[in-house]
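Trainee: For reference, this is protein-v5.csv, and it has CSV, C-alpha atoms and all ligand atoms.
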```csv
chain,number,residue,atom,x,y,z
A,1,MET,CA,23.8,-2.6,-15.6
A,2,HIS,CA,21.4,-4.3,-18.1
A,3,HIS,CA,18.1,-5.8,-17.1
A,4,ASN,CA,15.8,-7.9,-19.1
A,5,ASP,CA,12.4,-6.2,-18.6
A,6,THR,CA,10.8,-9.4,-17.5
A,7,ASP,CA,13.4,-9.8,-14.7
A,8,TYR,CA,11.1,-7.5,-12.7
A,9,ILE,CA,8.1,-9.8,-12.7
A,10,GLY,CA,7.2,-10.7,-9.1
A,11,THR,CA,9.2,-7.9,-7.6
A,12,ARG,CA,8.4,-4.8,-5.5
A,13,ARG,CA,9.5,-2.5,-8.4
A,14,LEU,CA,6.1,-0.9,-8.0
A,15,SER,CA,3.8,-1.2,-5.0
A,16,VAL,CA,0.6,0.3,-3.6
A,17,ALA,CA,1.1,1.8,-0.1
A,18,PRO,CA,-0.5,0.5,3.0
A,19,MET,CA,-3.4,2.8,3.7
A,20,LEU,CA,-5.7,2.4,6.7
A,21,ASP,CA,-9.4,2.2,5.8
A,22,TRP,CA,-8.5,2.3,2.1
A,23,THR,CA,-6.4,-0.7,1.0
A,24,ASP,CA,-8.7,-3.4,2.3
A,25,ARG,CA,-9.3,-6.5,0.3
A,26,HIS,CA,-12.0,-4.9,-1.8
A,27,TYR,CA,-9.7,-2.2,-3.0
A,28,ARG,CA,-7.0,-4.7,-3.6
A,29,TYR,CA,-9.3,-6.9,-5.7
A,30,MET,CA,-9.9,-3.9,-8.0
A,31,ALA,CA,-6.3,-2.9,-8.1
A,32,ARG,CA,-5.4,-6.5,-9.0
A,33,GLN,CA,-7.7,-6.4,-12.0
A,34,ILE,CA,-5.9,-3.3,-13.2
A,35,THR,CA,-2.3,-4.4,-12.6
A,36,ARG,CA,-1.1,-8.0,-12.5
A,37,HIS,CA,2.3,-7.4,-11.1
A,38,THR,CA,2.3,-4.5,-8.7
A,39,TRP,CA,2.9,-5.5,-5.1
A,40,LEU,CA,-0.1,-4.6,-2.9
A,41,TYR,CA,0.0,-3.7,0.8
A,42,SER,CA,-2.8,-4.2,3.3
A,43,GLU,CA,-4.0,-1.7,5.8
A,44,MET,CA,-1.9,-1.6,9.0
A,45,VAL,CA,-3.2,-4.2,11.4
A,46,ASN,CA,-2.1,-4.3,15.0
A,47,ALA,CA,-0.4,-7.5,16.0
A,48,GLY,CA,-2.7,-7.8,19.0
A,49,ALA,CA,-5.8,-7.6,16.8
A,50,ILE,CA,-4.7,-10.7,15.0
A,51,ASN,CA,-3.5,-12.6,18.0
A,52,TYR,CA,-6.6,-11.9,20.2
A,53,GLY,CA,-9.2,-10.9,17.6
A,54,ASP,CA,-11.1,-12.3,14.6
A,55,LYS,CA,-8.3,-13.6,12.4
A,56,ASP,CA,-10.5,-13.9,9.3
A,57,ARG,CA,-11.7,-10.4,9.6
A,58,PHE,CA,-8.2,-9.0,9.6
A,59,LEU,CA,-6.4,-11.5,7.4
A,60,MET,CA,-8.8,-12.9,4.8
A,61,PHE,CA,-8.0,-11.9,1.2
A,62,ASN,CA,-9.3,-12.8,-2.2
A,63,GLU,CA,-7.9,-15.5,-4.4
A,64,GLY,CA,-5.7,-14.0,-7.1
A,65,GLU,CA,-4.8,-11.0,-5.0
A,66,GLN,CA,-1.1,-11.9,-4.6
A,67,PRO,CA,1.5,-10.7,-4.4
A,68,VAL,CA,0.1,-9.1,-1.2
A,69,ALA,CA,2.0,-8.0,1.9
A,70,LEU,CA,0.5,-7.6,5.4
A,71,GLN,CA,1.6,-4.5,7.3
A,72,LEU,CA,1.8,-5.0,11.1
A,73,GLY,CA,1.8,-2.4,13.8
A,74,GLY,CA,3.3,-3.1,17.1
A,75,SER,CA,6.6,-3.1,19.1
A,76,GLU,CA,6.4,-6.3,21.1
A,77,PRO,CA,8.7,-8.9,19.4
A,78,SER,CA,6.8,-12.0,20.5
A,79,GLU,CA,3.4,-10.5,19.7
A,80,LEU,CA,4.6,-9.5,16.2
A,81,ALA,CA,6.2,-12.9,15.7
A,82,ARG,CA,2.9,-14.6,16.5
A,83,ALA,CA,0.9,-12.4,14.2
A,84,ALA,CA,3.4,-12.8,11.4
A,85,LYS,CA,3.2,-16.6,11.6
A,86,THR,CA,-0.6,-16.5,11.4
A,87,ALA,CA,-0.4,-14.2,8.4
A,88,GLU,CA,2.1,-16.5,6.7
A,89,GLN,CA,-0.4,-19.3,7.1
A,90,TYR,CA,-3.1,-17.2,5.4
A,91,GLY,CA,-0.8,-16.9,2.4
A,92,TYR,CA,0.6,-13.4,2.6
A,93,ASN,CA,3.9,-12.9,0.6
A,94,GLU,CA,5.5,-10.5,3.0
A,95,ILE,CA,5.2,-9.0,6.4
A,96,ASN,CA,6.0,-5.3,6.8
A,97,LEU,CA,6.6,-3.5,10.0
A,98,ASN,CA,5.2,0.0,10.3
A,99,CYS,CA,7.8,2.4,11.6
A,100,GLY,CA,6.3,5.5,9.9
A,101,CYS,CA,2.9,6.1,11.3
A,102,PRO,CA,2.6,9.4,13.2
A,103,SER,CA,-0.8,9.0,14.6
A,104,PRO,CA,-1.1,9.8,18.3
A,105,ARG,CA,-3.0,6.6,18.9
A,106,VAL,CA,0.0,4.8,17.6
A,107,GLN,CA,2.5,6.8,19.7
A,108,LYS,CA,0.8,5.7,22.9
A,109,GLY,CA,1.6,2.1,22.1
A,110,ALA,CA,5.2,3.1,21.4
A,111,PHE,CA,5.1,2.1,17.8
A,112,GLY,CA,4.9,3.6,14.4
A,113,ALA,CA,7.2,6.5,13.7
A,114,CYS,CA,8.6,6.7,17.2
A,115,LEU,CA,10.3,3.4,16.6
A,116,MET,CA,12.8,5.3,14.4
A,117,ASN,CA,14.4,6.4,17.7
A,118,GLU,CA,14.6,2.8,18.8
A,119,ALA,CA,16.5,0.9,16.1
A,120,ASP,CA,17.6,-1.8,18.6
A,121,LEU,CA,14.0,-2.6,19.5
A,122,VAL,CA,13.1,-2.6,15.8
A,123,ALA,CA,15.9,-5.1,15.2
A,124,ASP,CA,14.5,-7.3,18.0
A,125,CYS,CA,11.0,-7.1,16.4
A,126,LEU,CA,12.3,-7.9,12.9
A,127,ASN,CA,14.4,-10.8,14.1
A,128,ALA,CA,11.6,-12.3,16.1
A,129,MET,CA,9.3,-12.0,13.1
A,130,GLN,CA,11.8,-13.4,10.6
A,131,ASP,CA,12.5,-16.3,12.9
A,132,ALA,CA,8.8,-17.2,12.9
A,133,VAL,CA,8.3,-17.1,9.1
A,134,ASN,CA,9.8,-18.0,5.8
A,135,ILE,CA,8.5,-15.1,3.8
A,136,PRO,CA,10.4,-11.7,3.7
A,137,VAL,CA,10.0,-9.3,6.6
A,138,THR,CA,10.4,-5.7,5.6
A,139,VAL,CA,10.1,-2.3,7.2
A,140,LYS,CA,8.5,1.0,6.2
A,141,HIS,CA,9.8,4.2,7.8
A,142,ARG,CA,10.3,7.9,7.5
A,143,ILE,CA,13.6,9.8,7.2
A,144,GLY,CA,13.5,11.1,10.7
A,145,ILE,CA,11.1,12.4,13.4
A,146,ASP,CA,10.4,15.9,14.6
A,147,ARG,CA,13.3,18.2,14.1
A,148,GLN,CA,15.9,15.6,13.1
A,149,THR,CA,17.0,16.9,9.7
A,150,GLU,CA,20.3,15.3,9.0
A,151,TYR,CA,20.7,12.5,6.5
A,152,GLN,CA,22.6,10.6,9.1
A,153,VAL,CA,19.5,9.9,11.1
A,154,VAL,CA,17.9,7.7,8.5
A,155,ALA,CA,21.3,6.3,7.5
A,156,ASP,CA,22.0,5.2,11.1
A,157,PHE,CA,18.5,3.6,11.4
A,158,VAL,CA,19.0,1.6,8.2
A,159,GLY,CA,22.6,0.8,9.0
A,160,THR,CA,21.7,-0.5,12.4
A,161,LEU,CA,19.0,-2.8,11.0
A,162,ARG,CA,21.3,-3.9,8.2
A,163,GLY,CA,23.9,-5.0,10.8
A,164,LYS,CA,21.5,-6.6,13.2
A,165,THR,CA,18.8,-8.3,11.1
A,166,ALA,CA,18.3,-10.1,7.9
A,167,CYS,CA,16.0,-7.4,6.6
A,168,LYS,CA,16.8,-6.5,3.0
A,169,THR,CA,13.9,-4.3,2.0
A,170,PHE,CA,13.4,-0.7,3.3
A,171,ILE,CA,10.5,1.3,2.2
A,172,VAL,CA,11.2,5.0,2.9
A,173,HIS,CA,8.5,7.7,3.0
A,174,ALA,CA,10.8,10.5,2.1
A,175,ARG,CA,9.8,13.0,4.7
A,176,ASN,CA,9.9,13.4,8.5
A,177,ALA,CA,7.1,12.5,10.9
A,178,TRP,CA,6.4,15.5,13.1
A,179,LEU,CA,4.9,13.8,16.2
A,180,ASP,CA,4.1,17.1,17.9
A,181,GLY,CA,1.4,19.4,16.5
A,182,LEU,CA,0.6,17.8,13.2
A,183,SER,CA,-2.3,15.5,12.4
A,184,PRO,CA,-1.6,12.3,10.5
A,185,LYS,CA,-3.0,13.9,7.4
A,186,GLU,CA,-0.8,17.0,7.7
A,187,ASN,CA,2.1,14.6,8.3
A,188,ARG,CA,1.6,13.3,4.8
A,189,ASP,CA,1.9,16.7,3.2
A,190,ILE,CA,3.7,19.3,5.3
A,191,PRO,CA,7.2,17.9,6.3
A,192,PRO,CA,9.3,18.5,3.2
A,193,LEU,CA,10.1,15.6,0.8
A,194,LYS,CA,13.8,14.8,0.5
A,195,TYR,CA,14.1,12.2,-2.2
A,196,ASP,CA,17.9,12.7,-2.3
A,197,TYR,CA,18.1,11.1,1.1
A,198,VAL,CA,16.6,8.0,-0.2
A,199,TYR,CA,18.8,8.0,-3.2
A,200,ARG,CA,21.8,8.3,-0.9
A,201,LEU,CA,20.6,5.3,1.1
A,202,LYS,CA,20.7,3.2,-2.1
A,203,GLN,CA,24.3,4.5,-2.9
A,204,GLU,CA,25.5,3.8,0.6
A,205,PHE,CA,23.8,0.4,0.9
A,206,PRO,CA,23.7,-1.0,-2.6
A,207,ASP,CA,23.0,-4.5,-1.3
A,208,LEU,CA,19.7,-3.4,0.2
A,209,GLU,CA,16.4,-3.1,-1.7
A,210,ILE,CA,15.5,0.6,-1.3
A,211,ILE,CA,11.9,1.7,-2.1
A,212,ILE,CA,10.9,5.3,-2.3
A,213,ASN,CA,7.5,6.7,-1.3
A,214,GLY,CA,5.8,10.0,-0.9
A,215,GLY,CA,4.2,12.5,-3.2
A,216,ILE,CA,4.7,10.5,-6.4
A,217,THR,CA,1.8,10.9,-8.8
A,218,THR,CA,2.8,10.3,-12.5
A,219,ASN,CA,4.4,7.5,-14.5
A,220,GLU,CA,7.1,9.9,-15.6
A,221,GLN,CA,8.1,10.5,-12.0
A,222,ILE,CA,8.1,6.8,-11.3
A,223,ALA,CA,10.4,6.2,-14.2
A,224,GLU,CA,12.8,8.9,-13.0
A,225,HIS,CA,12.9,7.5,-9.5
A,226,LEU,CA,13.6,4.1,-10.8
A,227,ASN,CA,16.9,5.4,-12.1
A,228,HIS,CA,18.0,5.8,-8.5
A,229,VAL,CA,16.3,3.2,-6.4
A,230,ASP,CA,14.9,-0.3,-6.7
A,231,GLY,CA,11.2,0.4,-6.4
A,232,VAL,CA,8.5,3.0,-6.1
A,233,MET,CA,5.5,2.9,-3.7
A,234,ILE,CA,2.4,4.9,-4.6
A,235,GLY,CA,-0.3,5.7,-2.1
A,236,ARG,CA,-2.9,8.4,-2.6
A,237,GLU,CA,-2.7,8.7,-6.4
A,238,ALA,CA,-3.3,4.9,-6.8
A,239,TYR,CA,-6.4,5.3,-4.7
A,240,HIS,CA,-7.9,8.4,-6.2
A,241,ASN,CA,-7.0,7.5,-9.7
A,242,PRO,CA,-6.7,3.7,-9.9
A,243,MET,CA,-6.6,3.6,-13.7
A,244,MET,CA,-3.1,5.2,-13.5
A,245,MET,CA,-2.0,1.6,-12.7
A,246,ARG,CA,-3.3,0.4,-16.1
A,247,ASP,CA,0.0,0.9,-17.8
A,248,TRP,CA,2.3,-0.2,-15.0
A,249,ASP,CA,2.6,-3.8,-16.2
A,250,SER,CA,3.8,-2.8,-19.6
A,251,LEU,CA,5.8,0.3,-18.6
A,252,PHE,CA,7.6,-1.2,-15.5
A,253,TYR,CA,7.3,-5.0,-15.7
A,254,GLY,CA,7.8,-5.6,-19.4
A,255,ASP,CA,4.5,-7.4,-19.6
A,256,THR,CA,3.0,-7.0,-23.1
A,257,ALA,CA,-0.5,-8.1,-22.2
A,258,THR,CA,-3.2,-5.6,-23.2
A,259,PRO,CA,-4.3,-3.4,-20.3
A,260,VAL,CA,-7.8,-4.1,-18.9
A,261,ALA,CA,-10.6,-2.3,-20.7
A,262,TYR,CA,-13.0,-0.1,-18.6
A,263,GLN,CA,-15.9,-2.2,-19.8
A,264,ASP,CA,-14.3,-5.5,-18.6
A,265,LEU,CA,-13.2,-4.0,-15.3
A,266,VAL,CA,-16.7,-2.8,-14.6
A,267,GLN,CA,-18.2,-6.2,-15.4
A,268,ARG,CA,-15.7,-7.9,-13.0
A,269,LEU,CA,-16.5,-5.4,-10.3
A,270,PHE,CA,-20.2,-6.1,-10.8
A,271,ALA,CA,-19.7,-9.9,-10.6
A,272,TYR,CA,-17.4,-9.5,-7.6
A,273,SER,CA,-19.8,-7.3,-5.7
A,274,GLN,CA,-22.7,-9.6,-6.3
A,275,ALA,CA,-20.6,-12.6,-5.1
A,276,GLN,CA,-19.3,-10.8,-2.0
A,277,ILE,CA,-22.7,-9.5,-1.0
A,278,ARG,CA,-24.1,-13.0,-1.4
A,279,ALA,CA,-21.3,-14.5,0.6
A,280,GLY,CA,-22.4,-12.5,3.7
A,281,ARG,CA,-19.9,-11.5,6.3
A,282,GLY,CA,-21.7,-8.1,6.5
A,283,THR,CA,-20.3,-6.9,3.2
A,284,THR,CA,-22.5,-4.3,1.5
A,285,LEU,CA,-22.3,-2.7,-1.9
A,286,ARG,CA,-21.0,0.4,-0.4
A,287,HIS,CA,-18.0,-1.4,1.2
A,288,ILE,CA,-16.9,-2.3,-2.3
A,289,VAL,CA,-17.8,0.6,-4.5
A,290,ARG,CA,-16.5,3.3,-2.2
A,291,HIS,CA,-13.0,2.3,-3.5
A,292,SER,CA,-14.1,2.8,-7.1
A,293,LEU,CA,-15.3,6.4,-7.0
A,294,GLY,CA,-12.1,7.6,-8.7
A,295,LEU,CA,-12.1,4.9,-11.4
A,296,MET,CA,-13.5,7.1,-14.2
A,297,HIS,CA,-11.1,9.9,-13.4
A,298,GLY,CA,-10.4,12.0,-16.5
A,299,LEU,CA,-13.4,10.7,-18.4
A,300,ASN,CA,-16.6,12.5,-19.2
A,301,LYS,CA,-19.3,11.9,-16.6
A,302,ALA,CA,-16.7,10.8,-14.0
A,303,ARG,CA,-18.7,12.9,-11.6
A,304,VAL,CA,-22.0,11.1,-12.4
A,305,TRP,CA,-20.2,7.8,-11.7
A,306,ARG,CA,-18.9,9.1,-8.4
A,307,ARG,CA,-22.3,10.6,-7.4
A,308,MET,CA,-24.3,7.5,-8.2
A,309,LEU,CA,-21.9,5.2,-6.4
A,310,SER,CA,-21.9,7.3,-3.3
A,311,ASP,CA,-25.7,8.0,-3.2
A,312,ALA,CA,-27.0,6.4,0.0
A,313,ALA,CA,-30.5,6.1,-1.5
A,314,LEU,CA,-29.2,4.1,-4.5
A,315,LEU,CA,-26.8,2.1,-2.4
A,316,LYS,CA,-29.3,0.9,0.1
A,317,ASP,CA,-30.8,-1.8,-2.2
A,318,ASN,CA,-27.4,-3.4,-2.0
A,319,ASP,CA,-27.6,-4.4,-5.7
A,320,GLY,CA,-24.5,-4.5,-7.7
A,321,SER,CA,-26.5,-3.5,-10.8
A,322,LEU,CA,-25.9,0.1,-9.7
A,323,ILE,CA,-22.4,-0.3,-11.0
A,324,LEU,CA,-23.7,-1.2,-14.5
A,325,GLU,CA,-26.2,1.7,-14.4
A,326,ALA,CA,-23.5,4.2,-13.5
A,327,TRP,CA,-21.2,2.7,-16.2
A,328,LYS,CA,-23.9,3.2,-18.8
A,329,GLU,CA,-23.8,6.9,-18.1
A,330,VAL,CA,-20.0,7.0,-18.6
A,331,GLU,CA,-20.0,4.7,-21.5
A,332,GLN,CA,-22.4,6.8,-23.5
A,333,ALA,CA,-20.6,10.0,-22.8
A,334,ASN,CA,-17.2,9.0,-24.0
A,335,ARG,CA,-15.6,7.8,-27.3
A,336,TRP,CA,-14.0,4.4,-27.1
A,337,ASP,CA,-11.7,3.8,-30.0
B,401,LIG,C1,-5.8,7.3,4.2
B,401,LIG,C2,-4.3,6.9,4.5
B,401,LIG,C3,-4.0,5.9,5.4
B,401,LIG,C4,-2.7,5.5,5.6
B,401,LIG,N1,-2.4,4.4,6.4
B,401,LIG,C5,-1.2,4.0,6.5
B,401,LIG,C6,-0.9,2.8,7.2
B,401,LIG,O1,-1.8,2.1,7.7
B,401,LIG,N2,0.4,2.4,7.3
B,401,LIG,C7,1.4,3.1,6.7
B,401,LIG,O2,2.6,2.7,6.8
B,401,LIG,N3,1.2,4.2,6.1
B,401,LIG,C8,-0.1,4.7,5.9
B,401,LIG,N4,-0.3,5.8,5.2
B,401,LIG,C9,0.8,6.5,4.5
B,401,LIG,C10,1.0,5.9,3.1
B,401,LIG,O3,1.4,4.5,3.2
B,401,LIG,C11,2.1,6.7,2.3
B,401,LIG,O4,3.3,6.5,3.0
B,401,LIG,C12,1.8,8.2,2.2
B,401,LIG,O5,0.5,8.4,1.8
B,401,LIG,C13,2.7,8.8,1.2
B,401,LIG,O6,2.6,8.3,-0.1
B,401,LIG,P1,1.7,9.0,-1.2
B,401,LIG,O7,2.2,10.5,-1.3
B,401,LIG,O8,2.0,8.3,-2.5
B,401,LIG,O9,0.3,9.0,-0.8
B,401,LIG,C14,-1.6,6.2,4.9
B,401,LIG,C15,-2.0,7.2,4.0
B,401,LIG,C16,-3.3,7.6,3.8
B,401,LIG,C17,-3.6,8.6,2.8
```
Kindly return the structure encoded in the file as structure tokens.
Ligand SMILES: Cc1cc2nc3c(=O)[nH]c(=O)nc-3n(C[C@H](O)[C@H](O)[C@H](O)COP(=O)(O)O)c2cc1C

Mentor:
Amino acid sequence: MHHNDTDYIGTRRLSVAPMLDWTDRHYRYMARQITRHTWLYSEMVNAGAINYGDKDRFLMFNEGEQPVALQLGGSEPSELARAAKTAEQYGYNEINLNCGCPSPRVQKGAFGACLMNEADLVADCLNAMQDAVNIPVTVKHRIGIDRQTEYQVVADFVGTLRGKTACKTFIVHARNAWLDGLSPKENRDIPPLKYDYVYRLKQEFPDLEIIINGGITTNEQIAEHLNHVDGVMIGREAYHNPMMMRDWDSLFYGDTATPVAYQDLVQRLFAYSQAQIRAGRGTTLRHIVRHSLGLMHGLNKARVWRRMLSDAALLKDNDGSLILEAWKEVEQANRWD
């Protein structure tokens, strides 16, 4: 099959994973300066928080941030539908349902990864959401829970949803969730990765968009996975080393624009932080720069950058100039040619 590289513009060929406490709008603003095309996911938001809480707080995002997807948590079809509709009105490009989160807090509400054992309920949720909105409704899940080790578990889950819903996009974190005995953090590292299960899903359901996730950290690995599936979702590496995203537009979307220079990115972050602090809403400098600590990864003085931008005494003035001061240290310590 031959693709024109630019056919990928505006697709989920690459995406940044939903990460609670990490992929808020400030992180996504920075990510969007680094890659124009990568699909960005929000933190998980509970449907009830949107329906009964401060909608702006949970849904507001920055202009120019799109394409951006909202991830919802929940298992009550009408609640999810209502939240999805509100999110669509805010301008999100996709609503994703979380069926992969192993946190105990989530298990109590009977959602997250436990939903993998309840494909019919998930189908009801997805159908209610899709009936309420015109944007795509997608799902993110694991390959099984607890001791389910057969490929057939995830194949049945996806097959059921394919039969009962209009959902076309499945994001698969290629490991089990062990609901008993592992913390959420351990659940991202300990259950073994089985990329071949995800590749098999794509073979068995070629009409579906299958996106692979879990443990992927280099552009070489991304390129290899793209030989087997439609898209790659990156979580932790895109957070800890955001500049890895600098080459994604050219490598994976066929966009020949010059990648952003560190100098320009820093200037934009400075301007953004000043504007956000001025705008109020309780935003502090720390809320913004805490997502930038890994930005200088691999450069000389990356640690000085990190230290300055996490120093409570320096942050308390709430003045974005700190970003420029930290940058001066890095700029002087590296060769830029
Ligand atoms: C801090 C943190 C928070 C996360 N929060 C969510 C979440 O809200 N929803 C979700 O579906 N997955 C969440 N995840 C899981 C990631 O989306 C992803 O599936 C996982 O980290 C594996 O990808 P990676 O190896 O590229 O990081 C979270 C992961 C991390 C590290």

Trainee: Which distance in Å separates CA of Gln66 in chain A and CA of Arg32 in chain A, to one decimal?

Mentor: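 Spanning CA of Gln66 in chain A to CA of Arg32 in chain A is a straight-line distance of 8.2 Å.
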
Trainee: Could you make a table, as JSON lines, of the residues of chain A that have an atom within 6 Å of an atom of ligand LIG 401 (chain B), each with its nearest atom pair and distance in Å to one decimal, counting only C-alpha atoms and all ligand atoms, in chain and number order?

Mentor:
```
{"residue": "A:Ala17", "atom": "CA", "partner": "B:LIG401", "partner_atom": "O3", "distance": 4.3}
{"residue": "A:Pro18", "atom": "CA", "partner": "B:LIG401", "partner_atom": "O3", "distance": 4.4}
{"residue": "A:Met19", "atom": "CA", "partner": "B:LIG401", "partner_atom": "N1", "distance": 3.3}
{"residue": "A:Leu20", "atom": "CA", "partner": "B:LIG401", "partner_atom": "N1", "distance": 3.9}
{"residue": "A:Glu43", "atom": "CA", "partner": "B:LIG401", "partner_atom": "O1", "distance": 4.8}
{"residue": "A:Met44", "atom": "CA", "partner": "B:LIG401", "partner_atom": "O1", "distance": 3.9}
{"residue": "A:Asn98", "atom": "CA", "partner": "B:LIG401", "partner_atom": "O2", "distance": 5.1}
{"residue": "A:Gly100", "atom": "CA", "partner": "B:LIG401", "partner_atom": "O2", "distance": 5.6}
{"residue": "A:Cys101", "atom": "CA", "partner": "B:LIG401", "partner_atom": "O2", "distance": 5.6}
{"residue": "A:His173", "atom": "CA", "partner": "B:LIG401", "partner_atom": "O4", "distance": 5.3}
{"residue": "A:Arg188", "atom": "CA", "partner": "B:LIG401", "partner_atom": "C12", "distance": 5.7}
{"residue": "A:Asn213", "atom": "CA", "partner": "B:LIG401", "partner_atom": "O6", "distance": 5.3}
{"residue": "A:Gly214", "atom": "CA", "partner": "B:LIG401", "partner_atom": "O7", "distance": 3.7}
{"residue": "A:Gly215", "atom": "CA", "partner": "B:LIG401", "partner_atom": "O7", "distance": 3.4}
{"residue": "A:Ile216", "atom": "CA", "partner": "B:LIG401", "partner_atom": "O8", "distance": 5.2}
{"residue": "A:Ile234", "atom": "CA", "partner": "B:LIG401", "partner_atom": "O8", "distance": 4.0}
{"residue": "A:Gly235", "atom": "CA", "partner": "B:LIG401", "partner_atom": "O8", "distance": 3.5}
{"residue": "A:Arg236", "atom": "CA", "partner": "B:LIG401", "partner_atom": "O9", "distance": 3.7}
```

Trainee: Between A:Ala81, A:Ile171, A:Ala119, A:Leu201, which residue has the minimum interatomic distance to Ala155 in chain A, considering all atoms listed in the file?

Mentor: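 So, comparing all the options, the nearest one is A:Leu201.
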
Trainee: Taking all atoms listed in the file into account, which of A:Ile211, A:Ala83, A:Val137, A:Cys125 comes nearest Leu59 in chain A?

Mentor: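 Going through A:Ile211, A:Ala83, A:Val137, A:Cys125 one by one, the smallest distance to Leu59 in chain A is for A:Ala83.
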
Trainee: Select, from A:Leu193, A:Trp248, A:Glu76, A:Ala333, the residue with the minimum atom-to-atom distance to Glu220 in chain A, counting all atoms listed in the file.

Mentor: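 Using all atoms listed in the file, Glu220 in chain A sits closest to A:Trp248.
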
Trainee: Find, counting all atoms listed in the file, the residue in A:Tyr151, A:Phe157, A:Tyr52, A:Tyr92 that gets nearest to Leu70 in chain A.

Mentor: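 Of A:Tyr151, A:Phe157, A:Tyr52, A:Tyr92, the one nearest Leu70 in chain A is A:Tyr92, counting all atoms listed in the file.
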
Trainee: Considering only C-alpha atoms, can you say which of A:Glu329, A:Asp196, A:Asp249, A:Asp255 comes closest to His228 in chain A?

Mentor: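 Looking at the shortest contact to His228 in chain A, the residue is A:Asp196.
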
Trainee: One decimal, Å: what's the distance from CA of Asp311 in chain A over to CA of Trp22 in chain A, could you say?

Mentor: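 Computing the Euclidean distance for CA of Asp311 in chain A and CA of Trp22 in chain A yields 18.9 Å.
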
Trainee: Between CA of Glu79 in chain A and CA of Gly48 in chain A, what is the distance, to one decimal in Å?

Mentor: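 Going from CA of Glu79 in chain A over to CA of Gly48 in chain A covers 6.7 Å.
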
Trainee: Hey, could you pull the box centre and edge lengths for range 185-194 of chain A, axis-aligned, 5 Å padding per side, all listed atoms, to one decimal in Å, as lines of an AutoDock Vina configuration file?

Mentor:
```
center_x = 5.4
center_y = 16.3
center_z = 4.4
size_x = 26.8
size_y = 16.0
size_z = 17.8
```

Trainee: Which one is closest to Ala166 in chain A: A:Val153, A:Ile210, A:Leu126, A:Ile190? Count only C-alpha atoms.

Mentor: A:Leu126

Trainee: Could you list, as number ranges by chain, every residue within 10 Å of Arg12 in chain A, counting all atoms listed in the file and ignoring same-chain residues fewer than 6 positions away?

Mentor: A: 37-40, 67, 169, 209-211, 230-233

Trainee: Dump as a ChimeraX atom specification all residues having an atom at most 12 Å from (-17.0, -11.0, -4.2), computed in the file's coordinates with all atoms listed in the file.

Mentor: /A:25-30,61-63,268-281,283-285,287-289,320

Trainee: Keeping only C-alpha atoms, write the selected residues as an mmCIF file, in the frame of the given file.

Mentor:
```
data_model
loop_
_atom_site.group_PDB
_atom_site.id
_atom_site.type_symbol
_atom_site.label_atom_id
_atom_site.label_comp_id
_atom_site.auth_asym_id
_atom_site.auth_seq_id
_atom_site.Cartn_x
_atom_site.Cartn_y
_atom_site.Cartn_z
ATOM 1 C CA ARG A 25 -9.300 -6.500 0.300
ATOM 2 C CA HIS A 26 -12.000 -4.900 -1.800
ATOM 3 C CA TYR A 27 -9.700 -2.200 -3.000
ATOM 4 C CA ARG A 28 -7.000 -4.700 -3.600
ATOM 5 C CA TYR A 29 -9.300 -6.900 -5.700
ATOM 6 C CA MET A 30 -9.900 -3.900 -8.000
ATOM 7 C CA PHE A 61 -8.000 -11.900 1.200
ATOM 8 C CA ASN A 62 -9.300 -12.800 -2.200
ATOM 9 C CA GLU A 63 -7.900 -15.500 -4.400
ATOM 10 C CA ARG A 268 -15.700 -7.900 -13.000
ATOM 11 C CA LEU A 269 -16.500 -5.400 -10.300
ATOM 12 C CA PHE A 270 -20.200 -6.100 -10.800
ATOM 13 C CA ALA A 271 -19.700 -9.900 -10.600
ATOM 14 C CA TYR A 272 -17.400 -9.500 -7.600
ATOM 15 C CA SER A 273 -19.800 -7.300 -5.700
ATOM 16 C CA GLN A 274 -22.700 -9.600 -6.300
ATOM 17 C CA ALA A 275 -20.600 -12.600 -5.100
ATOM 18 C CA GLN A 276 -19.300 -10.800 -2.000
ATOM 19 C CA ILE A 277 -22.700 -9.500 -1.000
ATOM 20 C CA ARG A 278 -24.100 -13.000 -1.400
ATOM 21 C CA ALA A 279 -21.300 -14.500 0.600
ATOM 22 C CA GLY A 280 -22.400 -12.500 3.700
ATOM 23 C CA ARG A 281 -19.900 -11.500 6.300
ATOM 24 C CA THR A 283 -20.300 -6.900 3.200
ATOM 25 C CA THR A 284 -22.500 -4.300 1.500
ATOM 26 C CA LEU A 285 -22.300 -2.700 -1.900
ATOM 27 C CA HIS A 287 -18.000 -1.400 1.200
ATOM 28 C CA ILE A 288 -16.900 -2.300 -2.300
ATOM 29 C CA VAL A 289 -17.800 0.600 -4.500
ATOM 30 C CA GLY A 320 -24.500 -4.500 -7.700
#
```

Trainee: Which residues are near range 294-302 of chain A? Cut-off 12 Å, all atoms listed in the file, ignore same chain within fewer than 4 positions. Put them as a ChimeraX atom specification.

Mentor: /A:27,30-31,34,236-246,261-263,265-266,269,289-290,306-310,323,326-336

Trainee: Near Ile143 in chain A, within 12 Å and counting only C-alpha atoms, which residues show up once chain neighbours fewer than 4 positions away are dropped, as number ranges by chain?

Mentor: A: 99-100, 113-117, 147-158, 170-178, 191-201, 212-214

Trainee: For Pro77 in chain A, list every protein, DNA or RNA residue within 12 Å, evaluated using only C-alpha atoms, and leave out those in the same chain fewer than 4 positions away; present the list as a ChimeraX atom specification.

Mentor: /A:47-48,72-73,81-84,97,111,120-132
